[in-house]
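The structure under discussion appears below in the form of structure tokens.
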Amino acid sequence: HLYEASSYFDFMYRAAEALVEAGLAYVDEQTPEQMRENRGDFGKPGVNSPFRDRTPAEHLARLREMRDGQHADGAMVLRAKIDMASPNINLRDPTLYRIKHAEHHATGSTWCIYPMYTFAHPIEDALERITHSICTLEFEDQRPFYDWLLNHLADLGLLARPLPQQIEFGRLNLNYVV
């Protein structure tokens, strides 16, 4: 069976709405430059977005406007609401969805918002009943978000337990060995 992320776009969008309704995600209208500046760095914690504390109802309305194509590319994004002071920069309110008015090879013009890989990957693993997602070491810092997302979606009743596990390994290349 051929699996594509676009096969799960409907579920991913429902998951995004559920996260917003639960107060776990928000629509951010900062410019990319403002988001980059407010993210902080390894020595300085990030700063909360001025849009972070609107009500879930307000965020849900903005997300639906994004879905319905009412805003330009890059005008806003959906972000997870985690911890802007986390020492793991990947947990500083990562982007889940962005606006991109583009024809998709599988879904045509049905969608003008698209999930980010870090949002799509754990959901695809769960829906495909992957038990162990094996990744190289560069994904190790992403594992806390992978677990955060899957656990919250399971708590919201969208995914069944047991959930997939992401496991990283150090790749070893041996050349010219008999």
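Each chain in the structure tokens gets a letter, A, B and so on, in the order shown; residues start at 1 in every chain, and ligands are counted from 1 in the order they appear.
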Rows by chain and residue number, segment 42-118 of chain A within 12 Å of segment 122-137 of chain A, shortest pair, only C-alpha atoms, as a tab-separated table:
residue	atom	partner	partner_atom	distance
A:Leu96	CA	A:Ile123	CA	11.7
A:Pro115	CA	A:Ile123	CA	10.6
A:Met116	CA	A:Pro122	CA	11.0
A:Tyr117	CA	A:Pro122	CA	8.8
A:Thr118	CA	A:Pro122	CA	7.2
Emit the selected residues as a short mmCIF file (atom, residue, chain, number, x, y, z; two decimals), in the first residue's frame, including N, CA and C atoms.
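What landed in out.cif:
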data_model
loop_
_atom_site.label_atom_id
_atom_site.label_comp_id
_atom_site.auth_asym_id
_atom_site.auth_seq_id
_atom_site.Cartn_x
_atom_site.Cartn_y
_atom_site.Cartn_z
N LEU A 96 3.21 24.38 13.29
CA LEU A 96 2.50 23.17 12.89
C LEU A 96 1.95 23.28 11.46
N PRO A 115 0.69 21.12 6.60
CA PRO A 115 1.37 20.79 7.86
C PRO A 115 2.88 20.76 7.68
N MET A 116 3.56 21.13 8.72
CA MET A 116 5.02 21.03 8.74
C MET A 116 5.40 19.57 8.98
N TYR A 117 6.60 19.21 8.56
CA TYR A 117 7.06 17.83 8.70
C TYR A 117 7.02 17.36 10.15
N THR A 118 7.45 18.20 11.09
CA THR A 118 7.50 17.78 12.49
C THR A 118 6.11 17.51 13.06
#
Discussion item. Would you pick out the contacts of Ser7 of chain A at 9 Å or less, using only C-alpha atoms, so that residues sharing its chain but fewer than 3 positions from it are not included, and give the list as a count of residues only?
Written reply: 6
Worksheet entry | Neighbour list for Arg14 of chain A as a PyMOL selection string, cut-off 12 Å, only C-alpha atoms, skip fewer than 3 positions in-chain | chain A and resi 8-11+17-21+60+63-64+67+115+123+153+156-159
Take the residues from that selection and write them out as a PDB file, in the first residue's frame, keeping N, CA and C atoms.
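out.pdb, written as the output of this step:
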ATOM      1  N   TYR A   8      -3.575  11.961   4.712  1.00  0.00           N
ATOM      2  CA  TYR A   8      -3.973  12.227   6.091  1.00  0.00           C
ATOM      3  C   TYR A   8      -4.258  13.712   6.359  1.00  0.00           C
ATOM      4  N   PHE A   9      -4.309  14.534   5.308  1.00  0.00           N
ATOM      5  CA  PHE A   9      -4.515  15.975   5.520  1.00  0.00           C
ATOM      6  C   PHE A   9      -5.801  16.267   6.294  1.00  0.00           C
ATOM      7  N   ASP A  10      -6.880  15.545   6.015  1.00  0.00           N
ATOM      8  CA  ASP A  10      -8.130  15.786   6.743  1.00  0.00           C
ATOM      9  C   ASP A  10      -7.952  15.517   8.235  1.00  0.00           C
ATOM     10  N   PHE A  11      -7.335  14.387   8.565  1.00  0.00           N
ATOM     11  CA  PHE A  11      -7.109  14.061   9.975  1.00  0.00           C
ATOM     12  C   PHE A  11      -6.179  15.085  10.619  1.00  0.00           C
ATOM     13  N   GLU A  17      -7.285  21.498  14.847  1.00  0.00           N
ATOM     14  CA  GLU A  17      -8.425  22.151  15.500  1.00  0.00           C
ATOM     15  C   GLU A  17      -8.569  21.675  16.951  1.00  0.00           C
ATOM     16  N   ALA A  18      -8.385  20.392  17.185  1.00  0.00           N
ATOM     17  CA  ALA A  18      -8.505  19.858  18.542  1.00  0.00           C
ATOM     18  C   ALA A  18      -7.446  20.459  19.461  1.00  0.00           C
ATOM     19  N   LEU A  19      -6.232  20.612  18.966  1.00  0.00           N
ATOM     20  CA  LEU A  19      -5.177  21.222  19.769  1.00  0.00           C
ATOM     21  C   LEU A  19      -5.515  22.678  20.096  1.00  0.00           C
ATOM     22  N   VAL A  20      -6.056  23.400  19.127  1.00  0.00           N
ATOM     23  CA  VAL A  20      -6.448  24.791  19.362  1.00  0.00           C
ATOM     24  C   VAL A  20      -7.560  24.845  20.409  1.00  0.00           C
ATOM     25  N   GLU A  21      -8.582  24.009  20.245  1.00  0.00           N
ATOM     26  CA  GLU A  21      -9.706  24.011  21.186  1.00  0.00           C
ATOM     27  C   GLU A  21      -9.267  23.672  22.612  1.00  0.00           C
ATOM     28  N   LEU A  60      -9.224  29.511  16.906  1.00  0.00           N
ATOM     29  CA  LEU A  60      -9.945  28.605  16.013  1.00  0.00           C
ATOM     30  C   LEU A  60     -10.523  29.368  14.830  1.00  0.00           C
ATOM     31  N   LEU A  63      -7.647  30.089  12.512  1.00  0.00           N
ATOM     32  CA  LEU A  63      -7.227  28.876  11.809  1.00  0.00           C
ATOM     33  C   LEU A  63      -8.182  28.566  10.662  1.00  0.00           C
ATOM     34  N   ARG A  64      -9.462  28.715  10.895  1.00  0.00           N
ATOM     35  CA  ARG A  64     -10.439  28.461   9.836  1.00  0.00           C
ATOM     36  C   ARG A  64     -10.320  29.486   8.712  1.00  0.00           C
ATOM     37  N   ARG A  67      -7.466  28.208   6.679  1.00  0.00           N
ATOM     38  CA  ARG A  67      -7.917  27.069   5.863  1.00  0.00           C
ATOM     39  C   ARG A  67      -8.746  27.520   4.671  1.00  0.00           C
ATOM     40  N   PRO A 115       0.689  21.117   6.603  1.00  0.00           N
ATOM     41  CA  PRO A 115       1.367  20.787   7.862  1.00  0.00           C
ATOM     42  C   PRO A 115       2.876  20.761   7.682  1.00  0.00           C
ATOM     43  N   ILE A 123       2.111  11.973  13.358  1.00  0.00           N
ATOM     44  CA  ILE A 123       0.720  11.606  13.064  1.00  0.00           C
ATOM     45  C   ILE A 123       0.679  10.479  12.040  1.00  0.00           C
ATOM     46  N   LEU A 153      -2.586  14.166  21.471  1.00  0.00           N
ATOM     47  CA  LEU A 153      -3.639  13.696  20.564  1.00  0.00           C
ATOM     48  C   LEU A 153      -4.318  12.445  21.115  1.00  0.00           C
ATOM     49  N   LEU A 156      -6.652  13.575  23.833  1.00  0.00           N
ATOM     50  CA  LEU A 156      -7.848  14.201  23.253  1.00  0.00           C
ATOM     51  C   LEU A 156      -8.759  13.183  22.557  1.00  0.00           C
ATOM     52  N   GLY A 157      -8.350  11.910  22.556  1.00  0.00           N
ATOM     53  CA  GLY A 157      -9.173  10.853  21.973  1.00  0.00           C
ATOM     54  C   GLY A 157      -9.040  10.700  20.470  1.00  0.00           C
ATOM     55  N   LEU A 158      -8.018  11.316  19.881  1.00  0.00           N
ATOM     56  CA  LEU A 158      -7.841  11.232  18.427  1.00  0.00           C
ATOM     57  C   LEU A 158      -6.955  10.073  17.990  1.00  0.00           C
ATOM     58  N   LEU A 159      -6.098   9.608  18.884  1.00  0.00           N
ATOM     59  CA  LEU A 159      -5.204   8.493  18.568  1.00  0.00           C
ATOM     60  C   LEU A 159      -5.332   7.431  19.645  1.00  0.00           C
TER      61      LEU A 159
END
Worksheet item: Which one is closest to Trp148 of chain A: A:Met12, A:Ile167, A:Met66, A:Ile82? Count only C-alpha atoms.
Response: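 Ranking A:Met12, A:Ile167, A:Met66, A:Ile82 by distance to Trp148 of chain A, first place goes to A:Ile82.
Using only C-alpha atoms, the contacts of segment 111-113 of chain A at a cut-off of 8 Å, with sequence neighbours closer than 3 positions omitted, comprise Met66, Arg67, Asp68, Gly69, Tyr97, Arg98, Ile99, Lys100, His101, Ala102, His104, Thr107 and Gly108 of chain A.
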Worksheet entry | DSSP-assigned alpha helix (DSSP H) members of segment 97-170 of chain A, reported as a PyMOL selection string | chain A and resi 117-127+143-155
Fill in: Residues within 9 Å of Pro94 of chain A, only C-alpha atoms, excluding chain neighbours under 3 positions, as an MDAnalysis selection string
chainID A and resid 78:82 89:91 118:119 145
Would you mind exporting N, CA, C and O atoms of the selected residues as a compact mmCIF listing (two decimals), in the first residue's frame?
# COMPACT_ATOMS: atom_id res chain seq x y z
N LEU A 78 0.15 28.37 12.37
CA LEU A 78 -0.34 27.71 13.57
C LEU A 78 0.87 27.16 14.31
O LEU A 78 1.71 26.50 13.72
N ARG A 79 0.95 27.46 15.62
CA ARG A 79 2.07 27.00 16.43
C ARG A 79 1.56 26.21 17.62
O ARG A 79 0.51 26.51 18.17
N ALA A 80 2.35 25.22 18.04
CA ALA A 80 2.07 24.51 19.28
C ALA A 80 2.39 25.45 20.44
O ALA A 80 3.31 26.26 20.36
N LYS A 81 1.62 25.35 21.50
CA LYS A 81 1.85 26.18 22.69
C LYS A 81 2.54 25.29 23.72
O LYS A 81 1.90 24.54 24.45
N ILE A 82 3.88 25.39 23.75
CA ILE A 82 4.64 24.52 24.66
C ILE A 82 5.39 25.37 25.69
O ILE A 82 4.88 25.61 26.77
N ILE A 89 15.28 24.16 21.81
CA ILE A 89 14.69 25.18 20.93
C ILE A 89 13.53 24.59 20.12
O ILE A 89 12.60 25.31 19.77
N ASN A 90 13.54 23.29 19.87
CA ASN A 90 12.45 22.66 19.12
C ASN A 90 11.13 22.68 19.86
O ASN A 90 10.08 22.42 19.27
N LEU A 91 11.15 22.94 21.17
CA LEU A 91 9.93 23.01 21.96
C LEU A 91 9.46 24.44 22.18
O LEU A 91 8.49 24.68 22.89
N THR A 118 7.45 18.20 11.09
CA THR A 118 7.50 17.78 12.49
C THR A 118 6.11 17.51 13.06
O THR A 118 5.98 16.75 14.02
N PHE A 119 5.08 18.09 12.47
CA PHE A 119 3.70 17.82 12.86
C PHE A 119 3.18 16.58 12.13
O PHE A 119 2.55 15.70 12.74
N PHE A 145 9.15 16.70 21.04
CA PHE A 145 7.94 17.20 20.38
C PHE A 145 7.12 16.04 19.82
O PHE A 145 5.89 16.04 19.90
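Atom pair atom CA of Gly74 of chain A / atom CA of Gln34 of chain A has a distance of 12.3 Å (rounded to one decimal).
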Worksheet entry | Atomic separation - atom CA of Ala120 of chain A relative to atom CA of His59 of chain A, Å | 20.3 Å
Discussion item. Residues of segment 101-173 of chain A classed as strand (DSSP E) by DSSP on the backbone are to be reported as a list in words.
Written reply: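 Filtering segment 101-173 of chain A down to strand (DSSP E) leaves Ile113, Tyr114, Pro115, His132, Ser133, Ile134, Cys135, Thr136, Gln165, Gln166, Ile167, Glu168 and Phe169 of chain A.
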Would you output that residue set with all heavy atoms, as an mmCIF file, in the first residue's frame?
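See selection-v4.cif below for the written result:
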data_model
loop_
_atom_site.group_PDB
_atom_site.id
_atom_site.type_symbol
_atom_site.label_atom_id
_atom_site.label_comp_id
_atom_site.auth_asym_id
_atom_site.auth_seq_id
_atom_site.Cartn_x
_atom_site.Cartn_y
_atom_site.Cartn_z
ATOM 1 N N ILE A 113 -3.391 25.490 3.262
ATOM 2 C CA ILE A 113 -2.522 25.399 4.435
ATOM 3 C C ILE A 113 -1.944 23.983 4.444
ATOM 4 O O ILE A 113 -2.614 23.025 4.072
ATOM 5 C CB ILE A 113 -3.250 25.705 5.767
ATOM 6 C CG1 ILE A 113 -4.419 24.749 6.009
ATOM 7 C CG2 ILE A 113 -3.706 27.152 5.804
ATOM 8 C CD1 ILE A 113 -5.034 24.864 7.401
ATOM 9 N N TYR A 114 -0.693 23.908 4.840
ATOM 10 C CA TYR A 114 -0.006 22.624 4.815
ATOM 11 C C TYR A 114 0.715 22.376 6.130
ATOM 12 O O TYR A 114 1.290 23.298 6.722
ATOM 13 C CB TYR A 114 0.995 22.571 3.653
ATOM 14 C CG TYR A 114 0.290 22.562 2.323
ATOM 15 C CD1 TYR A 114 0.104 23.741 1.610
ATOM 16 C CD2 TYR A 114 -0.224 21.383 1.798
ATOM 17 C CE1 TYR A 114 -0.565 23.740 0.393
ATOM 18 C CE2 TYR A 114 -0.899 21.367 0.586
ATOM 19 C CZ TYR A 114 -1.063 22.550 -0.100
ATOM 20 O OH TYR A 114 -1.732 22.544 -1.300
ATOM 21 N N PRO A 115 0.689 21.117 6.603
ATOM 22 C CA PRO A 115 1.367 20.787 7.862
ATOM 23 C C PRO A 115 2.876 20.761 7.682
ATOM 24 O O PRO A 115 3.385 20.392 6.617
ATOM 25 C CB PRO A 115 0.828 19.392 8.185
ATOM 26 C CG PRO A 115 0.483 18.808 6.851
ATOM 27 C CD PRO A 115 0.026 19.957 6.002
ATOM 28 N N HIS A 132 7.834 1.543 15.933
ATOM 29 C CA HIS A 132 9.133 2.145 16.196
ATOM 30 C C HIS A 132 9.561 2.937 14.968
ATOM 31 O O HIS A 132 9.769 2.362 13.900
ATOM 32 C CB HIS A 132 10.177 1.078 16.525
ATOM 33 C CG HIS A 132 9.869 0.332 17.768
ATOM 34 N ND1 HIS A 132 8.943 -0.686 17.813
ATOM 35 C CD2 HIS A 132 10.335 0.474 19.032
ATOM 36 C CE1 HIS A 132 8.862 -1.148 19.046
ATOM 37 N NE2 HIS A 132 9.693 -0.461 19.807
ATOM 38 N N SER A 133 9.684 4.246 15.139
ATOM 39 C CA SER A 133 10.148 5.118 14.064
ATOM 40 C C SER A 133 11.653 5.285 14.243
ATOM 41 O O SER A 133 12.111 5.918 15.191
ATOM 42 C CB SER A 133 9.438 6.468 14.156
ATOM 43 O OG SER A 133 9.845 7.319 13.118
ATOM 44 N N ILE A 134 12.409 4.674 13.353
ATOM 45 C CA ILE A 134 13.862 4.664 13.471
ATOM 46 C C ILE A 134 14.429 5.849 12.689
ATOM 47 O O ILE A 134 14.175 5.996 11.501
ATOM 48 C CB ILE A 134 14.452 3.347 12.917
ATOM 49 C CG1 ILE A 134 13.743 2.135 13.537
ATOM 50 C CG2 ILE A 134 15.952 3.300 13.112
ATOM 51 C CD1 ILE A 134 13.893 2.030 15.032
ATOM 52 N N CYS A 135 15.182 6.704 13.392
ATOM 53 C CA CYS A 135 15.719 7.922 12.799
ATOM 54 C C CYS A 135 17.207 8.034 13.119
ATOM 55 O O CYS A 135 17.683 7.473 14.097
ATOM 56 C CB CYS A 135 15.020 9.157 13.378
ATOM 57 S SG CYS A 135 13.238 9.148 13.243
ATOM 58 N N THR A 136 17.901 8.819 12.326
ATOM 59 C CA THR A 136 19.301 9.093 12.623
ATOM 60 C C THR A 136 19.386 10.145 13.731
ATOM 61 O O THR A 136 18.399 10.789 14.086
ATOM 62 C CB THR A 136 20.054 9.546 11.364
ATOM 63 O OG1 THR A 136 19.317 10.603 10.748
ATOM 64 C CG2 THR A 136 20.214 8.394 10.378
ATOM 65 N N GLN A 165 7.048 4.913 18.984
ATOM 66 C CA GLN A 165 8.235 5.432 19.653
ATOM 67 C C GLN A 165 9.220 5.870 18.586
ATOM 68 O O GLN A 165 9.431 5.145 17.609
ATOM 69 C CB GLN A 165 8.918 4.354 20.477
ATOM 70 C CG GLN A 165 8.176 3.914 21.695
ATOM 71 C CD GLN A 165 9.002 2.867 22.416
ATOM 72 O OE1 GLN A 165 9.331 1.836 21.853
ATOM 73 N NE2 GLN A 165 9.344 3.138 23.667
ATOM 74 N N GLN A 166 9.822 7.035 18.790
ATOM 75 C CA GLN A 166 10.901 7.446 17.906
ATOM 76 C C GLN A 166 12.209 7.041 18.561
ATOM 77 O O GLN A 166 12.458 7.340 19.723
ATOM 78 C CB GLN A 166 10.875 8.958 17.678
ATOM 79 C CG GLN A 166 12.019 9.427 16.783
ATOM 80 C CD GLN A 166 11.941 10.904 16.476
ATOM 81 O OE1 GLN A 166 10.973 11.364 15.895
ATOM 82 N NE2 GLN A 166 12.963 11.636 16.877
ATOM 83 N N ILE A 167 13.035 6.332 17.813
ATOM 84 C CA ILE A 167 14.323 5.856 18.327
ATOM 85 C C ILE A 167 15.402 6.311 17.355
ATOM 86 O O ILE A 167 15.276 6.116 16.142
ATOM 87 C CB ILE A 167 14.320 4.320 18.459
ATOM 88 C CG1 ILE A 167 13.225 3.901 19.448
ATOM 89 C CG2 ILE A 167 15.686 3.808 18.889
ATOM 90 C CD1 ILE A 167 12.980 2.422 19.505
ATOM 91 N N GLU A 168 16.448 6.923 17.901
ATOM 92 C CA GLU A 168 17.535 7.406 17.067
ATOM 93 C C GLU A 168 18.714 6.443 17.148
ATOM 94 O O GLU A 168 18.899 5.751 18.145
ATOM 95 C CB GLU A 168 17.991 8.803 17.519
ATOM 96 C CG GLU A 168 16.898 9.833 17.529
ATOM 97 C CD GLU A 168 16.022 9.779 18.773
ATOM 98 O OE1 GLU A 168 16.478 9.266 19.816
ATOM 99 O OE2 GLU A 168 14.878 10.236 18.694
ATOM 100 N N PHE A 169 19.499 6.420 16.101
ATOM 101 C CA PHE A 169 20.692 5.578 16.100
ATOM 102 C C PHE A 169 21.828 6.335 15.420
ATOM 103 O O PHE A 169 21.604 7.230 14.619
ATOM 104 C CB PHE A 169 20.423 4.247 15.383
ATOM 105 C CG PHE A 169 20.230 4.391 13.891
ATOM 106 C CD1 PHE A 169 21.295 4.208 13.017
ATOM 107 C CD2 PHE A 169 18.985 4.725 13.365
ATOM 108 C CE1 PHE A 169 21.110 4.346 11.651
ATOM 109 C CE2 PHE A 169 18.801 4.867 12.000
ATOM 110 C CZ PHE A 169 19.875 4.667 11.146
#
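Nearest to Pro45 of chain A of all the residues A:Met84, A:Ala16, A:Ala22, A:Ala61 is A:Met84, based on only C-alpha atoms.
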Discussion item. Nearest residue to Leu24 of chain A out of A:His1, A:Arg143, A:Arg92, A:His152, using only C-alpha atoms?
Written reply: A:His152
Item to complete: Report the distance between atom CA of Gln30 of chain A and atom CA of Tyr146 of chain A in Å, rounded to one decimal place.
Response: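 We find that atom CA of Gln30 of chain A and atom CA of Tyr146 of chain A lie 24.6 Å from each other.
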